[in-house]
file upload09.cif (mmCIF, C-alpha atoms)
data_query
#
loop_
_atom_site.label_atom_id
_atom_site.label_comp_id
_atom_site.auth_asym_id
_atom_site.auth_seq_id
_atom_site.Cartn_x
_atom_site.Cartn_y
_atom_site.Cartn_z
CA MET A 1 42.45 -39.51 -47.50
CA LYS A 2 44.28 -41.14 -50.41
CA GLN A 3 47.43 -42.17 -48.57
CA PHE A 4 48.71 -42.45 -45.01
CA ILE A 5 52.45 -42.19 -44.55
CA ASN A 6 53.05 -39.59 -41.82
CA VAL A 7 51.30 -37.34 -39.35
CA ASN A 8 50.55 -34.68 -41.97
CA ASP A 9 48.22 -37.10 -43.76
CA ILE A 10 45.95 -37.39 -40.72
CA GLY A 11 45.05 -33.68 -40.68
CA ASP A 12 43.86 -32.13 -37.40
CA ILE A 13 45.46 -34.39 -34.80
CA ARG A 14 42.92 -33.62 -32.07
CA ALA A 15 40.07 -34.46 -34.43
CA ALA A 16 41.84 -37.72 -35.31
CA VAL A 17 42.11 -38.69 -31.63
CA ALA A 18 38.46 -37.83 -31.04
CA GLU A 19 37.50 -39.97 -34.03
CA ALA A 20 39.65 -42.80 -32.71
CA LEU A 21 37.87 -42.75 -29.34
CA GLU A 22 34.51 -42.73 -31.12
CA VAL A 23 35.55 -45.73 -33.22
CA LYS A 24 36.86 -47.51 -30.13
CA ALA A 25 33.48 -47.10 -28.44
CA ASN A 26 31.71 -48.73 -31.40
CA ARG A 27 34.08 -50.61 -33.69
CA PHE A 28 31.37 -51.84 -36.07
CA ALA A 29 29.49 -48.57 -36.59
CA TYR A 30 31.03 -48.07 -40.05
CA LYS A 31 30.82 -51.64 -41.29
CA HIS A 32 28.87 -50.51 -44.35
CA LEU A 33 31.88 -48.58 -45.67
CA GLY A 34 33.86 -51.71 -46.49
CA GLU A 35 31.09 -53.81 -47.98
CA ASN A 36 32.32 -55.44 -51.21
CA LYS A 37 35.71 -53.72 -50.78
CA THR A 38 39.03 -55.55 -50.49
CA LEU A 39 42.16 -54.65 -48.55
CA LEU A 40 45.44 -56.14 -49.79
CA MET A 41 48.13 -56.26 -47.09
CA ILE A 42 51.63 -56.80 -48.52
CA PHE A 43 54.45 -57.86 -46.22
CA PHE A 44 58.09 -57.73 -47.24
CA ASN A 45 58.97 -58.23 -43.55
CA SER A 46 57.66 -60.16 -40.55
CA SER A 47 54.73 -58.93 -38.51
CA LEU A 48 52.52 -59.86 -35.58
CA ARG A 49 50.66 -56.81 -34.23
CA THR A 50 50.53 -54.98 -37.56
CA ARG A 51 49.11 -57.95 -39.42
CA LEU A 52 46.55 -58.91 -36.78
CA SER A 53 45.43 -55.42 -35.84
CA THR A 54 45.13 -54.13 -39.41
CA GLN A 55 43.27 -57.21 -40.57
CA LYS A 56 40.90 -56.93 -37.60
CA ALA A 57 40.35 -53.23 -38.30
CA ALA A 58 39.46 -53.95 -41.93
CA MET A 59 37.07 -56.70 -40.86
CA ASN A 60 35.42 -54.28 -38.41
CA LEU A 61 34.74 -52.09 -41.43
CA GLY A 62 33.21 -54.95 -43.41
CA MET A 63 36.13 -55.45 -45.81
CA ASN A 64 37.48 -58.57 -47.42
CA VAL A 65 41.19 -58.99 -46.65
CA ILE A 66 43.98 -60.58 -48.68
CA VAL A 67 47.38 -61.03 -47.00
CA LEU A 68 50.47 -61.54 -49.16
CA ASP A 69 53.84 -62.41 -47.65
CA VAL A 70 56.16 -61.86 -50.60
CA ASN A 71 58.84 -64.03 -48.97
CA GLN A 72 56.60 -67.10 -48.72
CA GLY A 73 54.50 -68.49 -51.54
CA ALA A 74 55.14 -65.67 -54.04
CA TRP A 75 57.71 -65.13 -56.76
CA LYS A 76 60.86 -63.39 -55.62
CA LEU A 77 60.58 -59.78 -56.69
CA GLU A 78 63.20 -57.59 -58.32
CA THR A 79 62.88 -53.99 -57.14
CA GLU A 80 65.52 -52.13 -59.17
CA ARG A 81 65.17 -50.86 -62.75
CA GLY A 82 67.92 -51.62 -65.26
CA VAL A 83 68.80 -54.96 -63.73
CA ILE A 84 69.39 -57.93 -66.05
CA MET A 85 67.03 -60.43 -64.45
CA ASP A 86 69.13 -63.56 -64.87
CA GLY A 87 69.17 -64.45 -61.17
CA ASP A 88 66.64 -65.91 -58.72
CA LYS A 89 64.04 -63.12 -59.09
CA PRO A 90 61.68 -63.95 -61.97
CA GLU A 91 59.20 -61.07 -61.49
CA HIS A 92 59.68 -57.32 -61.32
CA LEU A 93 57.86 -55.16 -58.82
CA LEU A 94 56.84 -52.81 -61.65
CA GLU A 95 54.65 -55.55 -63.16
CA ALA A 96 53.62 -57.07 -59.83
CA ILE A 97 52.32 -53.79 -58.36
CA PRO A 98 49.69 -52.95 -61.03
CA VAL A 99 48.60 -56.60 -61.03
CA MET A 100 48.09 -56.42 -57.26
CA GLY A 101 46.08 -53.25 -57.76
CA CYS A 102 43.68 -55.16 -60.02
CA TYR A 103 42.58 -57.36 -57.12
CA CYS A 104 41.87 -54.82 -54.39
CA ASP A 105 40.59 -51.37 -53.44
CA VAL A 106 43.16 -50.38 -50.79
CA ILE A 107 46.77 -51.48 -50.24
CA GLY A 108 48.83 -51.60 -47.05
CA VAL A 109 52.60 -52.02 -47.43
CA ARG A 110 55.22 -53.17 -44.91
CA SER A 111 58.83 -52.85 -46.08
CA PHE A 112 61.74 -52.20 -43.71
CA ALA A 113 65.02 -50.41 -44.26
CA ARG A 114 67.63 -52.61 -45.87
CA PHE A 115 70.67 -50.65 -44.62
CA GLU A 116 72.31 -51.18 -48.02
CA ASN A 117 71.90 -47.60 -49.20
CA LYS A 118 70.72 -44.75 -47.00
CA ALA A 119 69.35 -42.75 -49.95
CA ASP A 120 67.28 -45.70 -51.13
CA ASP A 121 65.86 -46.23 -47.65
CA TYR A 122 65.01 -42.59 -47.00
CA GLU A 123 63.55 -42.11 -50.48
CA GLU A 124 61.14 -44.95 -49.67
CA ARG A 125 61.59 -46.52 -53.08
CA ILE A 126 59.40 -49.57 -52.55
CA LEU A 127 56.55 -47.68 -50.89
CA ASN A 128 56.59 -44.94 -53.51
CA GLN A 129 56.44 -47.48 -56.33
CA PHE A 130 53.19 -48.78 -54.83
CA ILE A 131 51.84 -45.24 -54.59
CA ARG A 132 52.84 -44.50 -58.19
CA TYR A 133 51.91 -47.72 -59.98
CA SER A 134 49.14 -49.50 -58.04
CA GLY A 135 46.31 -47.12 -58.88
CA ARG A 136 45.00 -47.61 -55.34
CA PRO A 137 45.16 -45.70 -52.04
CA VAL A 138 48.21 -46.85 -50.09
CA PHE A 139 49.01 -46.73 -46.39
CA ALA A 140 52.21 -47.57 -44.54
CA MET A 141 52.32 -50.60 -42.23
CA GLU A 142 55.93 -49.63 -41.33
CA THR A 143 58.41 -48.59 -43.94
CA ALA A 144 62.12 -47.89 -44.13
CA THR A 145 61.68 -44.59 -42.29
CA VAL A 146 58.26 -44.42 -40.58
CA HIS A 147 55.64 -46.42 -38.68
CA PRO A 148 52.63 -44.08 -38.50
CA LEU A 149 50.03 -46.67 -37.44
CA GLN A 150 52.14 -47.39 -34.35
CA SER A 151 52.66 -43.73 -33.51
CA PHE A 152 48.96 -42.95 -33.94
CA ALA A 153 48.20 -45.79 -31.51
CA ASP A 154 50.84 -44.43 -29.13
CA LEU A 155 49.18 -41.02 -29.25
CA ILE A 156 45.76 -42.50 -28.53
CA THR A 157 47.22 -44.39 -25.57
CA ILE A 158 48.88 -41.30 -24.10
CA GLU A 159 45.67 -39.29 -24.52
CA GLU A 160 43.78 -41.99 -22.61
CA HIS A 161 46.26 -42.01 -19.70
CA LYS A 162 47.66 -38.50 -19.35
CA THR A 163 46.79 -36.41 -16.29
CA LYS A 164 48.00 -33.06 -17.62
CA ALA A 165 47.41 -31.25 -20.88
CA ARG A 166 51.08 -31.25 -21.91
CA PRO A 167 52.84 -34.28 -20.41
CA LYS A 168 56.58 -34.79 -20.50
CA VAL A 169 57.29 -37.67 -22.87
CA VAL A 170 60.81 -39.11 -23.03
CA LEU A 171 61.94 -41.13 -26.03
CA THR A 172 64.95 -43.11 -24.86
CA TRP A 173 67.35 -45.30 -26.82
CA ALA A 174 68.04 -48.68 -25.24
CA PRO A 175 70.51 -51.45 -26.16
CA HIS A 176 69.72 -54.26 -28.59
CA PRO A 177 71.82 -57.06 -30.12
CA ARG A 178 70.79 -56.25 -33.72
CA ALA A 179 70.81 -53.12 -35.88
CA LEU A 180 67.25 -51.81 -36.00
CA PRO A 181 65.70 -49.18 -38.31
CA GLN A 182 64.86 -45.65 -37.23
CA ALA A 183 61.22 -45.97 -38.36
CA VAL A 184 59.54 -46.20 -34.95
CA PRO A 185 61.52 -43.42 -33.22
CA ASN A 186 61.20 -41.22 -36.34
CA SER A 187 57.43 -41.50 -36.34
CA PHE A 188 57.11 -41.29 -32.57
CA ALA A 189 59.05 -38.02 -32.48
CA GLN A 190 57.06 -36.66 -35.40
CA TRP A 191 53.69 -37.45 -33.79
CA MET A 192 54.67 -36.25 -30.31
CA ASN A 193 55.83 -32.95 -31.77
CA ALA A 194 52.57 -32.60 -33.68
CA ALA A 195 50.66 -33.23 -30.44
CA ASP A 196 52.71 -30.47 -28.78
CA TYR A 197 53.79 -32.62 -25.87
CA GLU A 198 56.99 -31.84 -23.99
CA LEU A 199 59.14 -34.29 -25.94
CA VAL A 200 62.69 -35.04 -24.77
CA ILE A 201 64.95 -37.45 -26.67
CA THR A 202 67.86 -39.21 -24.99
CA HIS A 203 70.49 -41.49 -26.49
CA PRO A 204 74.28 -42.03 -26.57
CA HIS A 205 76.37 -39.82 -28.83
CA GLY A 206 76.19 -40.98 -32.44
CA TYR A 207 72.52 -41.97 -32.38
CA GLU A 208 71.08 -38.64 -33.48
CA LEU A 209 67.97 -39.11 -35.63
CA ASN A 210 67.03 -37.22 -38.78
CA PRO A 211 66.15 -33.65 -37.67
CA ALA A 212 63.25 -33.69 -40.13
CA PHE A 213 61.50 -35.97 -37.62
CA THR A 214 62.84 -34.75 -34.27
CA GLY A 215 62.28 -31.06 -34.97
CA ASN A 216 63.10 -28.84 -32.02
CA ALA A 217 62.90 -31.57 -29.40
CA PRO A 218 65.89 -31.27 -27.02
CA ILE A 219 68.49 -34.04 -27.21
CA VAL A 220 69.89 -35.04 -23.80
CA TYR A 221 72.84 -37.43 -23.70
CA ASP A 222 72.45 -38.16 -19.98
CA GLN A 223 69.55 -40.61 -19.70
CA ASP A 224 69.04 -40.06 -15.96
CA GLU A 225 68.73 -36.32 -16.49
CA ALA A 226 66.25 -36.82 -19.31
CA LEU A 227 64.06 -39.17 -17.27
CA ARG A 228 63.61 -36.82 -14.32
CA GLY A 229 60.00 -35.65 -14.10
CA ALA A 230 58.84 -37.73 -17.07
CA ASP A 231 55.17 -38.72 -17.35
CA PHE A 232 55.71 -41.26 -20.12
CA VAL A 233 58.88 -43.19 -21.01
CA TYR A 234 59.05 -44.66 -24.50
CA ALA A 235 62.02 -47.02 -24.87
CA LYS A 236 63.23 -48.09 -28.29
CA ASN A 237 66.45 -49.16 -29.92
CA TRP A 238 67.59 -47.79 -33.25
CA SER A 239 70.80 -47.95 -35.25
CA ALA A 240 72.88 -44.94 -36.27
CA TYR A 241 71.37 -42.57 -38.82
CA ALA A 242 74.27 -40.23 -39.61
CA ASP A 243 76.92 -41.07 -42.18
CA PRO A 244 79.32 -42.87 -42.27
CA ASN A 245 77.73 -45.12 -39.63
CA TYR A 246 74.23 -45.46 -41.08
CA GLY A 247 72.64 -48.72 -39.97
CA LYS A 248 75.43 -49.62 -37.57
CA ILE A 249 75.50 -50.47 -33.87
CA LEU A 250 77.71 -47.99 -32.05
CA CYS A 251 76.89 -48.85 -28.45
CA THR A 252 75.68 -51.81 -26.38
CA ASP A 253 75.85 -50.11 -22.97
CA ARG A 254 73.45 -52.00 -20.69
CA SER A 255 73.23 -49.01 -18.35
CA TRP A 256 70.65 -47.60 -20.83
CA THR A 257 68.23 -50.48 -20.08
CA ILE A 258 65.03 -49.19 -18.45
CA THR A 259 64.90 -50.59 -14.91
CA THR A 260 62.90 -49.93 -11.76
CA GLU A 261 65.72 -47.64 -10.64
CA LYS A 262 65.47 -45.66 -13.88
CA MET A 263 61.69 -45.34 -13.59
CA ALA A 264 62.08 -44.09 -10.01
CA LEU A 265 63.64 -40.93 -11.48
CA THR A 266 60.38 -40.11 -13.26
CA ASP A 267 57.13 -38.61 -12.03
CA ASN A 268 55.59 -42.08 -11.63
CA ALA A 269 55.74 -42.41 -15.41
CA TYR A 270 54.06 -44.94 -17.62
CA PHE A 271 56.33 -47.24 -19.60
CA MET A 272 55.75 -47.65 -23.34
CA HIS A 273 57.21 -49.79 -26.12
CA CYS A 274 55.92 -50.82 -29.55
CA LEU A 275 56.74 -54.54 -29.11
CA PRO A 276 58.28 -57.00 -29.69
CA VAL A 277 60.69 -56.17 -26.91
CA ARG A 278 63.92 -57.81 -25.77
CA ARG A 279 63.43 -58.20 -22.04
CA ASN A 280 66.38 -57.21 -19.86
CA MET A 281 67.98 -55.52 -22.86
CA ILE A 282 65.42 -52.79 -23.57
CA VAL A 283 63.50 -53.07 -20.29
CA SER A 284 63.64 -55.15 -17.13
CA ASP A 285 60.98 -57.75 -16.30
CA ASP A 286 59.81 -55.73 -13.32
CA VAL A 287 59.12 -52.60 -15.38
CA ILE A 288 57.32 -54.22 -18.29
CA GLU A 289 55.19 -56.28 -15.91
CA SER A 290 54.36 -53.36 -13.62
CA PRO A 291 50.92 -51.69 -13.40
CA ARG A 292 52.47 -48.62 -15.08
CA SER A 293 53.33 -50.56 -18.23
CA LEU A 294 51.18 -49.64 -21.22
CA VAL A 295 52.59 -52.08 -23.77
CA ILE A 296 49.36 -54.12 -23.99
CA PRO A 297 46.99 -51.12 -24.23
CA GLU A 298 49.29 -49.70 -26.92
CA ALA A 299 49.08 -52.92 -28.88
CA ALA A 300 45.29 -53.00 -28.49
CA ASN A 301 45.07 -49.46 -29.85
CA ARG A 302 46.82 -50.59 -33.03
CA GLU A 303 43.41 -51.91 -34.10
CA ILE A 304 41.89 -48.50 -33.49
CA SER A 305 44.53 -46.47 -35.31
CA ALA A 306 44.30 -48.78 -38.31
CA GLU A 307 40.50 -48.61 -38.33
CA VAL A 308 40.47 -44.81 -38.36
CA VAL A 309 42.96 -44.73 -41.23
CA ILE A 310 41.16 -47.34 -43.33
CA LYS A 311 37.79 -45.71 -42.55
CA ARG A 312 39.03 -42.37 -43.87
CA ILE A 313 40.44 -43.99 -46.99
CA LEU A 314 37.14 -45.80 -47.66
CA GLU A 315 35.27 -42.53 -47.21
CA SER A 316 37.42 -41.00 -49.96
CA LEU A 317 36.77 -43.74 -52.55
#
call {"tool": "encode", "arguments": {"input": "upload09.cif", "output": "C-alpha cells"}}
result
Amino acid sequence: MKQFINVNDIGDIRAAVAEALEVKANRFAYKHLGENKTLLMIFFNSSLRTRLSTQKAAMNLGMNVIVLDVNQGAWKLETERGVIMDGDKPEHLLEAIPVMGCYCDVIGVRSFARFENKADDYEERILNQFIRYSGRPVFAMETATVHPLQSFADLITIEEHKTKARPKVVLTWAPHPRALPQAVPNSFAQWMNAADYELVITHPHGYELNPAFTGNAPIVYDQDEALRGADFVYAKNWSAYADPNYGKILCTDRSWTITTEKMALTDNAYFMHCLPVRRNMIVSDDVIESPRSLVIPEAANREISAEVVIKRILESL
C-alpha cells in the first residue's frame, strides 16, 4: 500500500478488520518491519488522539518518529503557486515537501479544510502536493475532506460490539458553536457503506453531505424517526457542504443534542463520537458517561487502525 486516503486504499474491508484484530492481540509482532525506518508526522492543525495513537502505532512497529507542527517552531509555509512571497511566509511548500522526504521513509499529513475555497478543500491541494513531491508513501491523518484512520477505528469498534451481522448505524448531526469540516462524517459514511451496514443519516435541512461519500444511504430529516431501532448512534457536527453556504453554520437547534431520551428511542444502541466532544452540545453527560458509550474504546482503536495502515505501507517498501 503506497498511500492511505480512503476506504478503497484498504482493499478487502473484512480482511482489514481481521488483520486489525490480529494486530490488537499482539501489537509488537511486526516490530521488525520498522527497524531503521522513520515516520514523519506533519501537523498543520491541532491533534491529541491522532498524534498519540499514530506515534504509538509506529513505535509498536519499531519505527523512529519525527513530529513536525508547522505552526510552532517551523517557517511559515506558502502553499499557493504564483504568489509573490513578500509577506510573512519565507518558505514554499514545494521546496519544503521534498526536503521533508529526504529525512523519512513514510509521511503522515494532517491538514483541515480552510473554508476559503470549496474547490481547494475538496481537491485536497496540500495532501496531493505531499503525494506528488515527497517521493514517499503518504497517509492521511485527517484532511480537508476525509479522516480514514478514525473511520477504520470506528469500524473495528463496531465489529467488536455488534450483535447482528448488519447493524443499523445512525450518523446524526448535532449542534456545535463553531463551523466544523465534513471530514469525519464523509469518511464515516464511506466506511459504513463499504461495510454494508444499514446506514441512516439524519440532519437538519441544508446539511446534506457530498453524495460521493454518502452513496445510497437514506437521509432522514426527523432525528427521532432516524434513531428508532438503531444499534449504534454516531453523533457529529459538520458545517454546510452545498453552495452557497459551504462552511457555514445554518442551525444551532439544541433539540438535536443526543440525550438519554433520544437514546431511549434506539434498540439499546451504543453511543459513538470521534472526540473531542462538546458535552451538552453534541451529547449529554449521562449518555457519554453511560456503559453504552464507546468513545474510549474508539479512541483506543485509533492505535490499531494506524498500526495496520503503517504496517501495510512498510510491507510495500
call {"tool": "residues_near_point", "arguments": {"input": "upload09.cif", "point": "(39.1, -45.3, -27.7)", "cutoff": "10 Å", "atoms": "all atoms listed in the file", "output": "ChimeraX atom specification"}}
result
/A:17-27,153,156-157,159-160,300-301,304-305
call {"tool": "resolve_selection", "arguments": {"input": "upload09.cif", "expression": "the PyMOL selection byres ((chain A and resi 202-209) around 8)", "output": "mmCIF file with C-alpha atoms, in the coordinates of the input"}}
result
data_model
loop_
_atom_site.group_PDB
_atom_site.id
_atom_site.type_symbol
_atom_site.label_atom_id
_atom_site.label_comp_id
_atom_site.auth_asym_id
_atom_site.auth_seq_id
_atom_site.Cartn_x
_atom_site.Cartn_y
_atom_site.Cartn_z
ATOM 1 C CA VAL A 170 60.810 -39.110 -23.030
ATOM 2 C CA LEU A 171 61.940 -41.130 -26.030
ATOM 3 C CA THR A 172 64.950 -43.110 -24.860
ATOM 4 C CA TRP A 173 67.350 -45.300 -26.820
ATOM 5 C CA ALA A 174 68.040 -48.680 -25.240
ATOM 6 C CA GLN A 182 64.860 -45.650 -37.230
ATOM 7 C CA ASN A 186 61.200 -41.220 -36.340
ATOM 8 C CA VAL A 200 62.690 -35.040 -24.770
ATOM 9 C CA ILE A 201 64.950 -37.450 -26.670
ATOM 10 C CA ASN A 210 67.030 -37.220 -38.780
ATOM 11 C CA PRO A 211 66.150 -33.650 -37.670
ATOM 12 C CA PHE A 213 61.500 -35.970 -37.620
ATOM 13 C CA THR A 214 62.840 -34.750 -34.270
ATOM 14 C CA ILE A 219 68.490 -34.040 -27.210
ATOM 15 C CA VAL A 220 69.890 -35.040 -23.800
ATOM 16 C CA TYR A 221 72.840 -37.430 -23.700
ATOM 17 C CA ASP A 222 72.450 -38.160 -19.980
ATOM 18 C CA GLN A 223 69.550 -40.610 -19.700
ATOM 19 C CA ALA A 226 66.250 -36.820 -19.310
ATOM 20 C CA TRP A 238 67.590 -47.790 -33.250
ATOM 21 C CA SER A 239 70.800 -47.950 -35.250
ATOM 22 C CA ALA A 240 72.880 -44.940 -36.270
ATOM 23 C CA TYR A 241 71.370 -42.570 -38.820
ATOM 24 C CA ALA A 242 74.270 -40.230 -39.610
ATOM 25 C CA LEU A 250 77.710 -47.990 -32.050
ATOM 26 C CA CYS A 251 76.890 -48.850 -28.450
#
call {"tool": "residues_near_point", "arguments": {"input": "upload09.cif", "point": "(58.7, -49.8, -49.0)", "cutoff": "7 Å", "atoms": "all atoms listed in the file", "output": "VMD selection string"}}
result
chain A and resid 109 to 112 124 to 128 143 to 144
call {"tool": "resolve_selection", "arguments": {"input": "upload09.cif", "expression": "the PyMOL selection byres ((chain A and resi 256) around 8)", "output": "list in words"}}
result
Trp173, Ala174, Pro175, Gln223, Asp253, Arg254, Ser255, Thr257, Ile258 and Ile282 of chain A
call {"tool": "write_last_selection", "arguments": {"input": "upload09.cif", "atoms": "C-alpha atoms", "output": "PDB file, keeping the file's coordinate frame"}}
result
ATOM      1  CA  TRP A 173      67.350 -45.300 -26.820  1.00  0.00           C
ATOM      2  CA  ALA A 174      68.040 -48.680 -25.240  1.00  0.00           C
ATOM      3  CA  PRO A 175      70.510 -51.450 -26.160  1.00  0.00           C
ATOM      4  CA  GLN A 223      69.550 -40.610 -19.700  1.00  0.00           C
ATOM      5  CA  ASP A 253      75.850 -50.110 -22.970  1.00  0.00           C
ATOM      6  CA  ARG A 254      73.450 -52.000 -20.690  1.00  0.00           C
ATOM      7  CA  SER A 255      73.230 -49.010 -18.350  1.00  0.00           C
ATOM      8  CA  THR A 257      68.230 -50.480 -20.080  1.00  0.00           C
ATOM      9  CA  ILE A 258      65.030 -49.190 -18.450  1.00  0.00           C
ATOM     10  CA  ILE A 282      65.420 -52.790 -23.570  1.00  0.00           C
TER      11      ILE A 282
END
call {"tool": "closest_residue", "arguments": {"input": "upload09.cif", "among": "A:Asp121, A:Glu298, A:Asp154, A:Asp86", "to": "Ser187 of chain A", "atoms": "all atoms listed in the file"}}
result
A:Asp154
call {"tool": "atom_distance", "arguments": {"input": "upload09.cif", "atom1": "atom CA of Ala179 of chain A", "atom2": "atom CA of Tyr246 of chain A"}}
result
9.9 Å
call {"tool": "atom_distance", "arguments": {"input": "upload09.cif", "atom1": "atom CA of Cys102 of chain A", "atom2": "atom CA of Tyr133 of chain A"}}
result
11.1 Å
call {"tool": "atom_distance", "arguments": {"input": "upload09.cif", "atom1": "atom CA of Met100 of chain A", "atom2": "atom CA of Ser134 of chain A"}}
result
7.0 Å
call {"tool": "closest_residue", "arguments": {"input": "upload09.cif", "among": "A:Val277, A:Ala189, A:Ala119, A:Val309", "to": "Ile5 of chain A", "atoms": "all atoms listed in the file"}}
result
A:Val309
call {"tool": "closest_residue", "arguments": {"input": "upload09.cif", "among": "A:Leu40, A:Leu61, A:Ile13, A:Ile84", "to": "Ile97 of chain A", "atoms": "only C-alpha atoms"}}
result
A:Leu40
call {"tool": "residues_around", "arguments": {"input": "upload09.cif", "residues": "Leu275 of chain A", "least_positions_apart": "5", "cutoff": "12 Å", "atoms": "all atoms listed in the file", "output": "list in words"}}
result
Ser47, Leu48, Arg49, Thr50, Gln150, Asp154, Val184, Tyr234, Ala235, Lys236, Asn237, Ile282, Val283, Ile288, Leu294, Val295, Ile296, Pro297, Glu298, Ala299, Ala300 and Arg302 of chain A
call {"tool": "resolve_selection", "arguments": {"input": "upload09.cif", "expression": "the PyMOL selection byres ((chain A and resi 310) around 9)", "output": "ChimeraX atom specification"}}
result
/A:1,54,57-58,61,106,139,305-309,311-315
call {"tool": "closest_residue", "arguments": {"input": "upload09.cif", "among": "A:Met272, A:Ala15, A:Leu77, A:Val233", "to": "Glu289 of chain A", "atoms": "only C-alpha atoms"}}
result
A:Met272
call {"tool": "residues_around", "arguments": {"input": "upload09.cif", "residues": "Thr259 of chain A", "least_positions_apart": "3", "cutoff": "7 Å", "atoms": "only C-alpha atoms", "output": "PyMOL selection string"}}
result
chain A and resi 262-263+283-284+287
call {"tool": "closest_residue", "arguments": {"input": "upload09.cif", "among": "A:Ile131, A:Ala16, A:Val67, A:Cys104", "to": "Gln3 of chain A", "atoms": "all atoms listed in the file"}}
result
A:Ile131
call {"tool": "decode", "arguments": {"input": "upload09.cif", "residues": "segment 55-69 of chain A", "atoms": "N, CA, C and O atoms", "output": "PDB file, in the first residue's frame"}}
result
ATOM      1  N   GLN A  55       1.714   7.875  16.627  1.00  0.00           N
ATOM      2  CA  GLN A  55       3.092   7.742  17.108  1.00  0.00           C
ATOM      3  C   GLN A  55       3.277   6.419  17.842  1.00  0.00           C
ATOM      4  O   GLN A  55       4.281   5.714  17.640  1.00  0.00           O
ATOM      5  N   LYS A  56       2.315   6.045  18.663  1.00  0.00           N
ATOM      6  CA  LYS A  56       2.386   4.764  19.382  1.00  0.00           C
ATOM      7  C   LYS A  56       2.375   3.602  18.402  1.00  0.00           C
ATOM      8  O   LYS A  56       3.141   2.620  18.557  1.00  0.00           O
ATOM      9  N   ALA A  57       1.539   3.675  17.377  1.00  0.00           N
ATOM     10  CA  ALA A  57       1.468   2.605  16.385  1.00  0.00           C
ATOM     11  C   ALA A  57       2.807   2.429  15.680  1.00  0.00           C
ATOM     12  O   ALA A  57       3.283   1.297  15.471  1.00  0.00           O
ATOM     13  N   ALA A  58       3.433   3.545  15.303  1.00  0.00           N
ATOM     14  CA  ALA A  58       4.732   3.473  14.631  1.00  0.00           C
ATOM     15  C   ALA A  58       5.793   2.889  15.549  1.00  0.00           C
ATOM     16  O   ALA A  58       6.649   2.099  15.119  1.00  0.00           O
ATOM     17  N   MET A  59       5.747   3.252  16.818  1.00  0.00           N
ATOM     18  CA  MET A  59       6.700   2.701  17.789  1.00  0.00           C
ATOM     19  C   MET A  59       6.478   1.207  17.977  1.00  0.00           C
ATOM     20  O   MET A  59       7.439   0.441  18.133  1.00  0.00           O
ATOM     21  N   ASN A  60       5.210   0.771  17.965  1.00  0.00           N
ATOM     22  CA  ASN A  60       4.923  -0.663  18.046  1.00  0.00           C
ATOM     23  C   ASN A  60       5.609  -1.426  16.922  1.00  0.00           C
ATOM     24  O   ASN A  60       6.000  -2.584  17.081  1.00  0.00           O
ATOM     25  N   LEU A  61       5.721  -0.755  15.761  1.00  0.00           N
ATOM     26  CA  LEU A  61       6.317  -1.368  14.585  1.00  0.00           C
ATOM     27  C   LEU A  61       7.823  -1.136  14.497  1.00  0.00           C
ATOM     28  O   LEU A  61       8.445  -1.448  13.482  1.00  0.00           O
ATOM     29  N   GLY A  62       8.416  -0.574  15.548  1.00  0.00           N
ATOM     30  CA  GLY A  62       9.853  -0.407  15.602  1.00  0.00           C
ATOM     31  C   GLY A  62      10.389   0.809  14.886  1.00  0.00           C
ATOM     32  O   GLY A  62      11.608   0.913  14.664  1.00  0.00           O
ATOM     33  N   MET A  63       9.535   1.757  14.520  1.00  0.00           N
ATOM     34  CA  MET A  63       9.961   2.924  13.752  1.00  0.00           C
ATOM     35  C   MET A  63      10.486   4.042  14.637  1.00  0.00           C
ATOM     36  O   MET A  63      10.093   4.183  15.795  1.00  0.00           O
ATOM     37  N   ASN A  64      11.357   4.861  14.065  1.00  0.00           N
ATOM     38  CA  ASN A  64      11.671   6.164  14.629  1.00  0.00           C
ATOM     39  C   ASN A  64      10.565   7.122  14.190  1.00  0.00           C
ATOM     40  O   ASN A  64      10.002   6.960  13.102  1.00  0.00           O
ATOM     41  N   VAL A  65      10.259   8.115  15.012  1.00  0.00           N
ATOM     42  CA  VAL A  65       9.168   9.040  14.703  1.00  0.00           C
ATOM     43  C   VAL A  65       9.639  10.490  14.865  1.00  0.00           C
ATOM     44  O   VAL A  65      10.236  10.839  15.887  1.00  0.00           O
ATOM     45  N   ILE A  66       9.382  11.293  13.844  1.00  0.00           N
ATOM     46  CA  ILE A  66       9.611  12.728  13.905  1.00  0.00           C
ATOM     47  C   ILE A  66       8.256  13.414  13.794  1.00  0.00           C
ATOM     48  O   ILE A  66       7.466  13.095  12.894  1.00  0.00           O
ATOM     49  N   VAL A  67       7.962  14.343  14.696  1.00  0.00           N
ATOM     50  CA  VAL A  67       6.703  15.076  14.677  1.00  0.00           C
ATOM     51  C   VAL A  67       7.001  16.543  14.381  1.00  0.00           C
ATOM     52  O   VAL A  67       7.806  17.169  15.072  1.00  0.00           O
ATOM     53  N   LEU A  68       6.365  17.068  13.338  1.00  0.00           N
ATOM     54  CA  LEU A  68       6.551  18.469  12.974  1.00  0.00           C
ATOM     55  C   LEU A  68       5.216  19.194  13.014  1.00  0.00           C
ATOM     56  O   LEU A  68       4.296  18.871  12.264  1.00  0.00           O
ATOM     57  N   ASP A  69       5.110  20.176  13.910  1.00  0.00           N
ATOM     58  CA  ASP A  69       3.970  21.087  13.932  1.00  0.00           C
ATOM     59  C   ASP A  69       4.397  22.320  13.153  1.00  0.00           C
ATOM     60  O   ASP A  69       5.239  23.099  13.624  1.00  0.00           O
TER      61      ASP A  69
END
